[in-house]
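Trainee: Okay, so here is run-v3.cif, and as you'll see once you scroll down, it has mmCIF, C-alpha atoms.
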```cif
data_my_file
loop_
_atom_site.group_PDB
_atom_site.id
_atom_site.type_symbol
_atom_site.label_atom_id
_atom_site.label_comp_id
_atom_site.auth_asym_id
_atom_site.auth_seq_id
_atom_site.Cartn_x
_atom_site.Cartn_y
_atom_site.Cartn_z
ATOM 1 C CA MET A 1 22.822 5.490 107.042
ATOM 2 C CA ARG A 2 25.920 5.807 104.861
ATOM 3 C CA ILE A 3 26.496 3.670 101.773
ATOM 4 C CA ILE A 4 30.173 2.996 101.130
ATOM 5 C CA THR A 5 31.448 1.214 98.030
ATOM 6 C CA SER A 6 35.177 1.893 98.329
ATOM 7 C CA ILE A 7 37.428 -0.264 100.521
ATOM 8 C CA GLU A 8 39.671 2.726 101.227
ATOM 9 C CA GLU A 9 36.716 4.859 102.350
ATOM 10 C CA MET A 10 35.419 2.006 104.514
ATOM 11 C CA GLU A 11 38.800 1.679 106.200
ATOM 12 C CA ARG A 12 38.939 5.413 106.909
ATOM 13 C CA GLU A 13 35.442 5.354 108.386
ATOM 14 C CA VAL A 14 36.253 2.389 110.611
ATOM 15 C CA ALA A 15 39.463 4.032 111.809
ATOM 16 C CA GLN A 16 37.474 7.047 113.022
ATOM 17 C CA HIS A 17 35.026 4.874 114.989
ATOM 18 C CA ARG A 18 37.877 2.835 116.429
ATOM 19 C CA GLU A 19 39.657 6.003 117.526
ATOM 20 C CA ALA A 20 36.438 7.163 119.210
ATOM 21 C CA LYS A 21 36.320 3.818 121.079
ATOM 22 C CA SER A 22 32.956 2.946 119.500
ATOM 23 C CA SER A 23 32.085 -0.749 119.432
ATOM 24 C CA ILE A 24 31.409 -2.126 115.949
ATOM 25 C CA GLY A 25 28.993 -4.935 115.120
ATOM 26 C CA PHE A 26 29.319 -6.453 111.646
ATOM 27 C CA VAL A 27 26.716 -8.410 109.664
ATOM 28 C CA PRO A 28 28.148 -9.828 106.415
ATOM 29 C CA THR A 29 25.498 -10.790 103.833
ATOM 30 C CA MET A 30 25.093 -11.581 100.158
ATOM 31 C CA GLY A 31 22.032 -9.356 99.994
ATOM 32 C CA TYR A 32 18.394 -10.029 99.159
ATOM 33 C CA LEU A 33 17.771 -9.435 102.839
ATOM 34 C CA HIS A 34 15.038 -11.322 104.676
ATOM 35 C CA GLU A 35 13.905 -11.584 108.279
ATOM 36 C CA GLY A 36 16.834 -13.811 109.177
ATOM 37 C CA HIS A 37 19.286 -11.080 108.161
ATOM 38 C CA LEU A 38 17.215 -8.445 109.938
ATOM 39 C CA THR A 39 17.342 -10.482 113.146
ATOM 40 C CA LEU A 40 21.151 -10.423 112.916
ATOM 41 C CA ILE A 41 21.030 -6.657 112.399
ATOM 42 C CA HIS A 42 18.643 -6.145 115.334
ATOM 43 C CA THR A 43 20.900 -8.222 117.587
ATOM 44 C CA ALA A 44 23.950 -6.238 116.487
ATOM 45 C CA ARG A 45 22.053 -2.975 117.062
ATOM 46 C CA LYS A 46 21.369 -3.905 120.689
ATOM 47 C CA GLU A 47 24.979 -4.791 121.422
ATOM 48 C CA ASN A 48 27.084 -2.171 119.590
ATOM 49 C CA ASP A 49 27.510 1.557 119.031
ATOM 50 C CA ILE A 50 27.969 1.168 115.270
ATOM 51 C CA VAL A 51 26.387 -1.456 112.995
ATOM 52 C CA ILE A 52 28.012 -2.256 109.649
ATOM 53 C CA ALA A 53 26.292 -4.572 107.177
ATOM 54 C CA SER A 54 27.911 -5.676 103.937
ATOM 55 C CA ILE A 55 26.287 -6.811 100.718
ATOM 56 C CA PHE A 56 28.616 -8.764 98.474
ATOM 57 C CA VAL A 57 27.699 -11.764 96.326
ATOM 58 C CA ASN A 58 31.005 -13.568 96.619
ATOM 59 C CA PRO A 59 31.943 -15.391 93.391
ATOM 60 C CA LEU A 60 34.600 -17.509 95.121
ATOM 61 C CA GLN A 61 32.018 -19.531 97.055
ATOM 62 C CA PHE A 62 29.993 -20.586 94.018
ATOM 63 C CA GLY A 63 30.917 -23.737 92.106
ATOM 64 C CA PRO A 64 30.881 -23.941 88.293
ATOM 65 C CA ASN A 65 27.334 -25.340 88.209
ATOM 66 C CA GLU A 66 25.914 -23.173 90.998
ATOM 67 C CA ASP A 67 23.684 -20.123 90.885
ATOM 68 C CA PHE A 68 26.047 -17.107 91.022
ATOM 69 C CA ASP A 69 24.532 -15.322 88.018
ATOM 70 C CA SER A 70 20.953 -16.058 89.044
ATOM 71 C CA TYR A 71 21.447 -15.393 92.768
ATOM 72 C CA PRO A 72 18.697 -12.895 93.724
ATOM 73 C CA ARG A 73 19.834 -9.275 93.857
ATOM 74 C CA ASP A 74 17.843 -6.136 94.675
ATOM 75 C CA PHE A 75 20.063 -3.417 96.100
ATOM 76 C CA GLU A 76 17.394 -0.717 96.336
ATOM 77 C CA ARG A 77 15.199 -3.038 98.396
ATOM 78 C CA ASP A 78 18.163 -4.074 100.562
ATOM 79 C CA GLU A 79 19.188 -0.454 101.079
ATOM 80 C CA GLN A 80 15.729 0.453 102.370
ATOM 81 C CA LEU A 81 15.568 -2.556 104.685
ATOM 82 C CA ALA A 82 19.009 -1.809 106.075
ATOM 83 C CA ARG A 83 18.114 1.854 106.587
ATOM 84 C CA ASN A 84 14.827 1.001 108.333
ATOM 85 C CA ASN A 85 16.397 -1.578 110.648
ATOM 86 C CA GLY A 86 19.233 0.348 112.223
ATOM 87 C CA VAL A 87 22.269 -0.149 109.991
ATOM 88 C CA ASP A 88 24.712 2.763 110.268
ATOM 89 C CA ILE A 89 26.973 1.830 107.356
ATOM 90 C CA LEU A 90 26.107 -0.335 104.357
ATOM 91 C CA PHE A 91 29.292 -1.611 102.701
ATOM 92 C CA TYR A 92 28.673 -2.490 99.049
ATOM 93 C CA PRO A 93 31.986 -3.258 97.332
ATOM 94 C CA ASN A 94 32.344 -4.525 93.790
ATOM 95 C CA VAL A 95 34.077 -7.726 92.739
ATOM 96 C CA ASN A 96 37.003 -6.017 90.991
ATOM 97 C CA ASP A 97 37.762 -4.029 94.132
ATOM 98 C CA MET A 98 37.576 -7.062 96.426
ATOM 99 C CA TYR A 99 39.545 -9.350 94.084
ATOM 100 C CA LYS A 100 41.969 -7.384 91.969
ATOM 101 C CA PRO A 101 43.403 -9.123 88.873
ATOM 102 C CA ASP A 102 46.732 -9.628 90.648
ATOM 103 C CA PHE A 103 45.159 -11.229 93.756
ATOM 104 C CA SER A 104 47.882 -13.728 94.625
ATOM 105 C CA PHE A 105 46.593 -15.828 97.522
ATOM 106 C CA GLN A 106 44.334 -18.831 97.894
ATOM 107 C CA ILE A 107 42.869 -19.750 101.265
ATOM 108 C CA LYS A 108 42.356 -23.489 101.812
ATOM 109 C CA VAL A 109 40.128 -24.743 104.630
ATOM 110 C CA ILE A 110 41.321 -28.184 105.713
ATOM 111 C CA ASP A 111 39.032 -29.077 108.617
ATOM 112 C CA LYS A 112 35.230 -29.326 108.990
ATOM 113 C CA VAL A 113 34.710 -29.263 105.206
ATOM 114 C CA ASP A 114 34.459 -32.965 104.356
ATOM 115 C CA VAL A 115 30.883 -33.242 105.673
ATOM 116 C CA LEU A 116 27.501 -31.552 105.136
ATOM 117 C CA CYS A 117 27.529 -28.859 102.409
ATOM 118 C CA GLY A 118 31.306 -28.869 102.138
ATOM 119 C CA LYS A 119 31.380 -32.507 101.043
ATOM 120 C CA LYS A 120 29.837 -31.826 97.625
ATOM 121 C CA ARG A 121 30.727 -28.137 97.274
ATOM 122 C CA GLU A 122 34.481 -28.320 96.836
ATOM 123 C CA GLY A 123 36.079 -24.944 97.388
ATOM 124 C CA HIS A 124 32.915 -23.331 98.755
ATOM 125 C CA PHE A 125 34.264 -22.701 102.239
ATOM 126 C CA ASP A 126 37.642 -21.675 100.817
ATOM 127 C CA GLY A 127 35.712 -18.828 99.186
ATOM 128 C CA VAL A 128 33.800 -18.077 102.378
ATOM 129 C CA ALA A 129 37.004 -17.946 104.423
ATOM 130 C CA THR A 130 38.755 -15.765 101.850
ATOM 131 C CA VAL A 131 36.047 -13.115 101.715
ATOM 132 C CA LEU A 132 35.586 -13.077 105.490
ATOM 133 C CA ILE A 133 39.294 -12.583 106.147
ATOM 134 C CA LYS A 134 39.166 -9.585 103.810
ATOM 135 C CA LEU A 135 35.938 -8.214 105.300
ATOM 136 C CA PHE A 136 37.170 -8.649 108.874
ATOM 137 C CA ASN A 137 40.341 -6.708 108.039
ATOM 138 C CA ILE A 138 38.377 -3.957 106.284
ATOM 139 C CA THR A 139 35.618 -3.498 108.895
ATOM 140 C CA ARG A 140 37.621 -4.401 112.057
ATOM 141 C CA PRO A 141 34.520 -5.293 114.089
ATOM 142 C CA ASN A 142 34.307 -6.099 117.782
ATOM 143 C CA ARG A 143 31.520 -8.592 117.090
ATOM 144 C CA VAL A 144 30.316 -10.434 114.004
ATOM 145 C CA TYR A 145 26.866 -11.980 113.609
ATOM 146 C CA PHE A 146 25.936 -15.189 111.779
ATOM 147 C CA GLY A 147 22.741 -17.205 111.638
ATOM 148 C CA MET A 148 22.755 -20.800 112.824
ATOM 149 C CA LYS A 149 20.807 -21.876 109.731
ATOM 150 C CA ASP A 150 24.213 -22.467 108.185
ATOM 151 C CA ALA A 151 25.761 -24.104 111.227
ATOM 152 C CA GLN A 152 28.697 -25.499 109.269
ATOM 153 C CA GLN A 153 29.592 -21.968 108.236
ATOM 154 C CA VAL A 154 29.392 -20.829 111.877
ATOM 155 C CA ALA A 155 31.747 -23.657 112.883
ATOM 156 C CA ILE A 156 34.235 -22.707 110.158
ATOM 157 C CA VAL A 157 34.039 -18.972 110.916
ATOM 158 C CA THR A 158 34.846 -19.850 114.531
ATOM 159 C CA SER A 159 38.036 -21.494 113.266
ATOM 160 C CA VAL A 160 38.862 -18.524 111.003
ATOM 161 C CA ILE A 161 38.632 -16.146 113.969
ATOM 162 C CA GLU A 162 40.651 -18.414 116.268
ATOM 163 C CA ASP A 163 43.299 -19.569 113.783
ATOM 164 C CA PHE A 164 43.989 -16.108 112.344
ATOM 165 C CA ASN A 165 43.843 -14.415 115.765
ATOM 166 C CA PHE A 166 41.129 -11.925 114.929
ATOM 167 C CA PRO A 167 40.095 -9.985 118.077
ATOM 168 C CA ILE A 168 36.442 -10.588 117.201
ATOM 169 C CA GLU A 169 33.576 -12.156 119.134
ATOM 170 C CA LEU A 170 31.382 -14.386 116.985
ATOM 171 C CA VAL A 171 27.709 -14.145 117.959
ATOM 172 C CA PRO A 172 25.600 -17.056 116.600
ATOM 173 C CA VAL A 173 21.914 -16.199 116.210
ATOM 174 C CA SER A 174 19.119 -18.784 116.164
ATOM 175 C CA THR A 175 17.508 -19.689 112.839
ATOM 176 C CA VAL A 176 14.538 -17.516 111.943
ATOM 177 C CA ARG A 177 11.572 -19.530 110.687
ATOM 178 C CA GLU A 178 8.256 -19.053 108.949
ATOM 179 C CA GLU A 179 5.134 -19.840 110.971
ATOM 180 C CA ASP A 180 5.120 -23.385 109.568
ATOM 181 C CA GLY A 181 8.749 -23.982 110.576
ATOM 182 C CA LEU A 182 10.521 -23.468 107.249
ATOM 183 C CA ALA A 183 13.869 -21.762 107.754
ATOM 184 C CA LYS A 184 13.896 -18.343 106.096
ATOM 185 C CA SER A 185 16.199 -18.204 103.086
ATOM 186 C CA SER A 186 16.736 -16.081 99.998
ATOM 187 C CA ARG A 187 16.345 -19.258 97.948
ATOM 188 C CA ASN A 188 12.803 -19.987 99.184
ATOM 189 C CA VAL A 189 11.487 -17.742 96.390
ATOM 190 C CA TYR A 190 12.493 -20.444 93.901
ATOM 191 C CA LEU A 191 10.162 -23.082 95.375
ATOM 192 C CA THR A 192 7.030 -24.024 93.445
ATOM 193 C CA GLU A 193 3.722 -23.780 95.303
ATOM 194 C CA GLN A 194 3.725 -27.525 95.975
ATOM 195 C CA GLU A 195 7.382 -27.520 97.071
ATOM 196 C CA ARG A 196 6.691 -24.619 99.430
ATOM 197 C CA GLN A 197 3.996 -26.744 101.108
ATOM 198 C CA GLU A 198 6.386 -29.690 101.376
ATOM 199 C CA ALA A 199 9.476 -27.785 102.550
ATOM 200 C CA PRO A 200 8.570 -27.510 106.274
ATOM 201 C CA ASN A 201 9.014 -31.281 106.473
ATOM 202 C CA LEU A 202 12.764 -30.713 106.665
ATOM 203 C CA TYR A 203 12.236 -29.120 110.064
ATOM 204 C CA TYR A 204 9.585 -31.653 111.090
ATOM 205 C CA GLY A 205 12.075 -34.424 110.375
ATOM 206 C CA LEU A 206 14.691 -32.718 112.535
ATOM 207 C CA LYS A 207 12.250 -32.295 115.404
ATOM 208 C CA MET A 208 11.298 -35.951 115.120
ATOM 209 C CA ALA A 209 14.978 -36.895 115.409
ATOM 210 C CA ARG A 210 15.345 -34.778 118.514
ATOM 211 C CA SER A 211 12.338 -36.513 120.057
ATOM 212 C CA LEU A 212 13.908 -39.910 119.334
ATOM 213 C CA ILE A 213 17.082 -38.844 121.141
ATOM 214 C CA GLU A 214 15.126 -37.420 124.062
ATOM 215 C CA ASP A 215 13.362 -40.782 124.308
ATOM 216 C CA GLY A 216 16.725 -42.519 124.643
ATOM 217 C CA GLU A 217 17.845 -43.418 121.095
ATOM 218 C CA ARG A 218 21.627 -43.052 120.764
ATOM 219 C CA ASN A 219 22.407 -44.834 117.474
ATOM 220 C CA PRO A 220 23.147 -42.117 114.883
ATOM 221 C CA ASN A 221 22.332 -44.429 111.961
ATOM 222 C CA ILE A 222 18.849 -45.180 113.286
ATOM 223 C CA ILE A 223 18.223 -41.468 113.882
ATOM 224 C CA ARG A 224 19.527 -40.560 110.430
ATOM 225 C CA ASN A 225 17.425 -43.189 108.661
ATOM 226 C CA LYS A 226 14.248 -42.026 110.413
ATOM 227 C CA VAL A 227 14.817 -38.483 109.155
ATOM 228 C CA ILE A 228 15.520 -39.734 105.624
ATOM 229 C CA GLU A 229 12.333 -41.782 105.695
ATOM 230 C CA HIS A 230 10.244 -38.816 106.831
ATOM 231 C CA ILE A 231 11.608 -36.406 104.210
ATOM 232 C CA ALA A 232 11.369 -38.987 101.411
ATOM 233 C CA ASN A 233 7.747 -39.752 102.289
ATOM 234 C CA HIS A 234 6.636 -36.135 102.628
ATOM 235 C CA THR A 235 8.509 -34.194 99.925
ATOM 236 C CA SER A 236 9.261 -34.490 96.215
ATOM 237 C CA GLY A 237 12.805 -33.224 96.790
ATOM 238 C CA GLU A 238 16.017 -35.182 96.353
ATOM 239 C CA ILE A 239 17.828 -35.702 99.660
ATOM 240 C CA ASP A 240 21.410 -34.465 99.437
ATOM 241 C CA TYR A 241 22.365 -35.444 102.978
ATOM 242 C CA VAL A 242 21.130 -36.137 106.471
ATOM 243 C CA GLU A 243 23.886 -36.141 109.089
ATOM 244 C CA VAL A 244 24.189 -36.551 112.849
ATOM 245 C CA LEU A 245 27.529 -35.126 114.032
ATOM 246 C CA SER A 246 29.293 -33.593 117.012
ATOM 247 C CA TYR A 247 29.222 -29.794 117.068
ATOM 248 C CA PRO A 248 31.172 -27.658 116.384
ATOM 249 C CA GLU A 249 33.760 -30.346 115.587
ATOM 250 C CA LEU A 250 31.513 -31.853 112.875
ATOM 251 C CA LYS A 251 32.774 -35.381 113.525
ATOM 252 C CA GLU A 252 30.892 -38.668 113.244
ATOM 253 C CA GLN A 253 29.997 -40.450 116.474
ATOM 254 C CA LYS A 254 29.395 -44.129 117.164
ATOM 255 C CA GLU A 255 26.975 -43.101 119.884
ATOM 256 C CA VAL A 256 25.235 -39.753 120.188
ATOM 257 C CA PHE A 257 26.458 -37.666 123.144
ATOM 258 C CA GLY A 258 27.451 -34.114 124.050
ATOM 259 C CA LYS A 259 26.561 -31.200 121.798
ATOM 260 C CA ILE A 260 25.389 -32.448 118.415
ATOM 261 C CA ILE A 261 23.998 -31.181 115.141
ATOM 262 C CA ILE A 262 21.381 -32.910 113.033
ATOM 263 C CA ALA A 263 21.513 -31.358 109.578
ATOM 264 C CA VAL A 264 19.707 -31.876 106.273
ATOM 265 C CA ALA A 265 19.968 -30.639 102.695
ATOM 266 C CA VAL A 266 17.290 -31.285 100.070
ATOM 267 C CA LYS A 267 17.281 -30.338 96.387
ATOM 268 C CA PHE A 268 13.990 -29.160 94.945
ATOM 269 C CA THR A 269 13.430 -28.185 91.324
ATOM 270 C CA LYS A 270 15.199 -24.817 91.473
ATOM 271 C CA ALA A 271 16.314 -24.545 95.081
ATOM 272 C CA ARG A 272 18.571 -26.456 97.446
ATOM 273 C CA LEU A 273 17.431 -25.985 101.043
ATOM 274 C CA ILE A 274 19.410 -26.638 104.212
ATOM 275 C CA ASP A 275 18.296 -26.817 107.828
ATOM 276 C CA ASN A 276 19.616 -28.065 111.157
ATOM 277 C CA ILE A 277 19.134 -28.170 114.885
ATOM 278 C CA THR A 278 21.869 -28.239 117.541
ATOM 279 C CA PHE A 279 21.422 -29.281 121.131
ATOM 280 C CA VAL A 280 23.147 -31.034 124.007
ATOM 281 C CA VAL A 281 22.307 -34.680 124.698
#
```
Can you turn what I pasted into structure tokens?

Mentor:
Amino acid sequence: MRIITSIEEMEREVAQHREAKSSIGFVPTMGYLHEGHLTLIHTARKENDIVIASIFVNPLQFGPNEDFDSYPRDFERDEQLARNNGVDILFYPNVNDMYKPDFSFQIKVIDKVDVLCGKKREGHFDGVATVLIKLFNITRPNRVYFGMKDAQQVAIVTSVIEDFNFPIELVPVSTVREEDGLAKSSRNVYLTEQERQEAPNLYYGLKMARSLIEDGERNPNIIRNKVIEHIANHTSGEIDYVEVLSYPELKEQKEVFGKIIIAVAVKFTKARLIDNITFVV
């Protein structure tokens, strides 16, 4: 496995693989790799000749009161995990290289951002889109891999690829969960022991909502309120949102139909957790 920190060196490396007609699978991450990331890497390994993973904690997607400085980082650990799980190239750029002082553009996402995490994290997906446009141009992948745990991000990345005409296939990968159902996340390490016991109730609430729909319930407000009630009664966290929307359009519906997403976000003492399920009604 090669570790590359320079954009120019990364571009030269990619050009060689492109010239050799090798297919490139790309897994962008912010590091502190867990099983969810490794599942993306394993999927990319099966489908491509070359696997590139990036580690870059992107400052543009953190708000002023969010956890950029305290976001977990452990490059030596990440390097070993990447090496042991089939990554060919680990791209590890620094902030000053990615965003030079004279960086003169601002990307603004105008659709799919007024709901879910985007509703209260103004500018977050502008930062996500900005860094991905740069990373896509640097790594020039055939396929890019994202986890469905952040389904809103997957929906927005779909638009980035389509609207900017990137010749890239987006491969969504199912959420990886602990045995008790909790979605794997780098932020789970911040949960207290009690909160860790409570946290699977986010997923239990989602499964309950799906059962309601399968039993014939079509009113999104009734479904939403049932999930809120379950999470409020079984966790000490503060509910940020519970939404029932079309997917990937992320629009409200008067009656549930078609492909939908049921998504939740809950704030615990030192961690904000998100989870969702998508399915066709």

Trainee: Enumerate, as a ChimeraX atom specification, the residues matched when the PyMOL selection byres ((chain A and resi 2) around 7) is run on the file above.

Mentor: /A:1,3-4,88-90

Trainee: Enumerate, in order of chain and increasing residue number, the residues of region 160-273 of chain A with an atom no farther than 12 Å from region 21-30 of chain A, each with its shortest atom pair and distance in Å to one decimal, counting all atoms listed in the file, as a tab-separated table.

Mentor:
```
residue	atom	partner	partner_atom	distance
A:Pro167	CA	A:Ile24	CA	11.9
A:Ile168	CA	A:Gly25	CA	9.6
A:Glu169	CA	A:Gly25	CA	9.4
A:Leu170	CA	A:Phe26	CA	9.8
A:Val171	CA	A:Gly25	CA	9.7
A:Pro172	CA	A:Val27	CA	11.1
A:Val173	CA	A:Val27	CA	11.3
A:Ser185	CA	A:Met30	CA	11.5
A:Ser186	CA	A:Met30	CA	9.5
A:Arg187	CA	A:Met30	CA	11.8
```

Trainee: Which residue, A:Arg12, A:Arg218, A:Lys100, A:Lys108, has the smallest gap to Val160 (chain A) when you use all atoms listed in the file?

Mentor: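 Under the stated criterion, the closest residue is A:Lys108.
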
Trainee: Pick the closest to Lys207 (chain A) from A:Tyr241, A:Phe125, A:Phe279, A:Tyr32: which is it, counting all atoms listed in the file?

Mentor: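 The answer is A:Phe279, which sits nearest to Lys207 (chain A).
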
Trainee: Could you check the closest approach to Thr175 (chain A) for each of A:Asp49, A:Asp150, A:Glu162, A:Glu8 and tell me which residue wins, using all atoms listed in the file?

Mentor: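 Looking only at the distances to Thr175 (chain A), the closest residue turns out to be A:Asp150.
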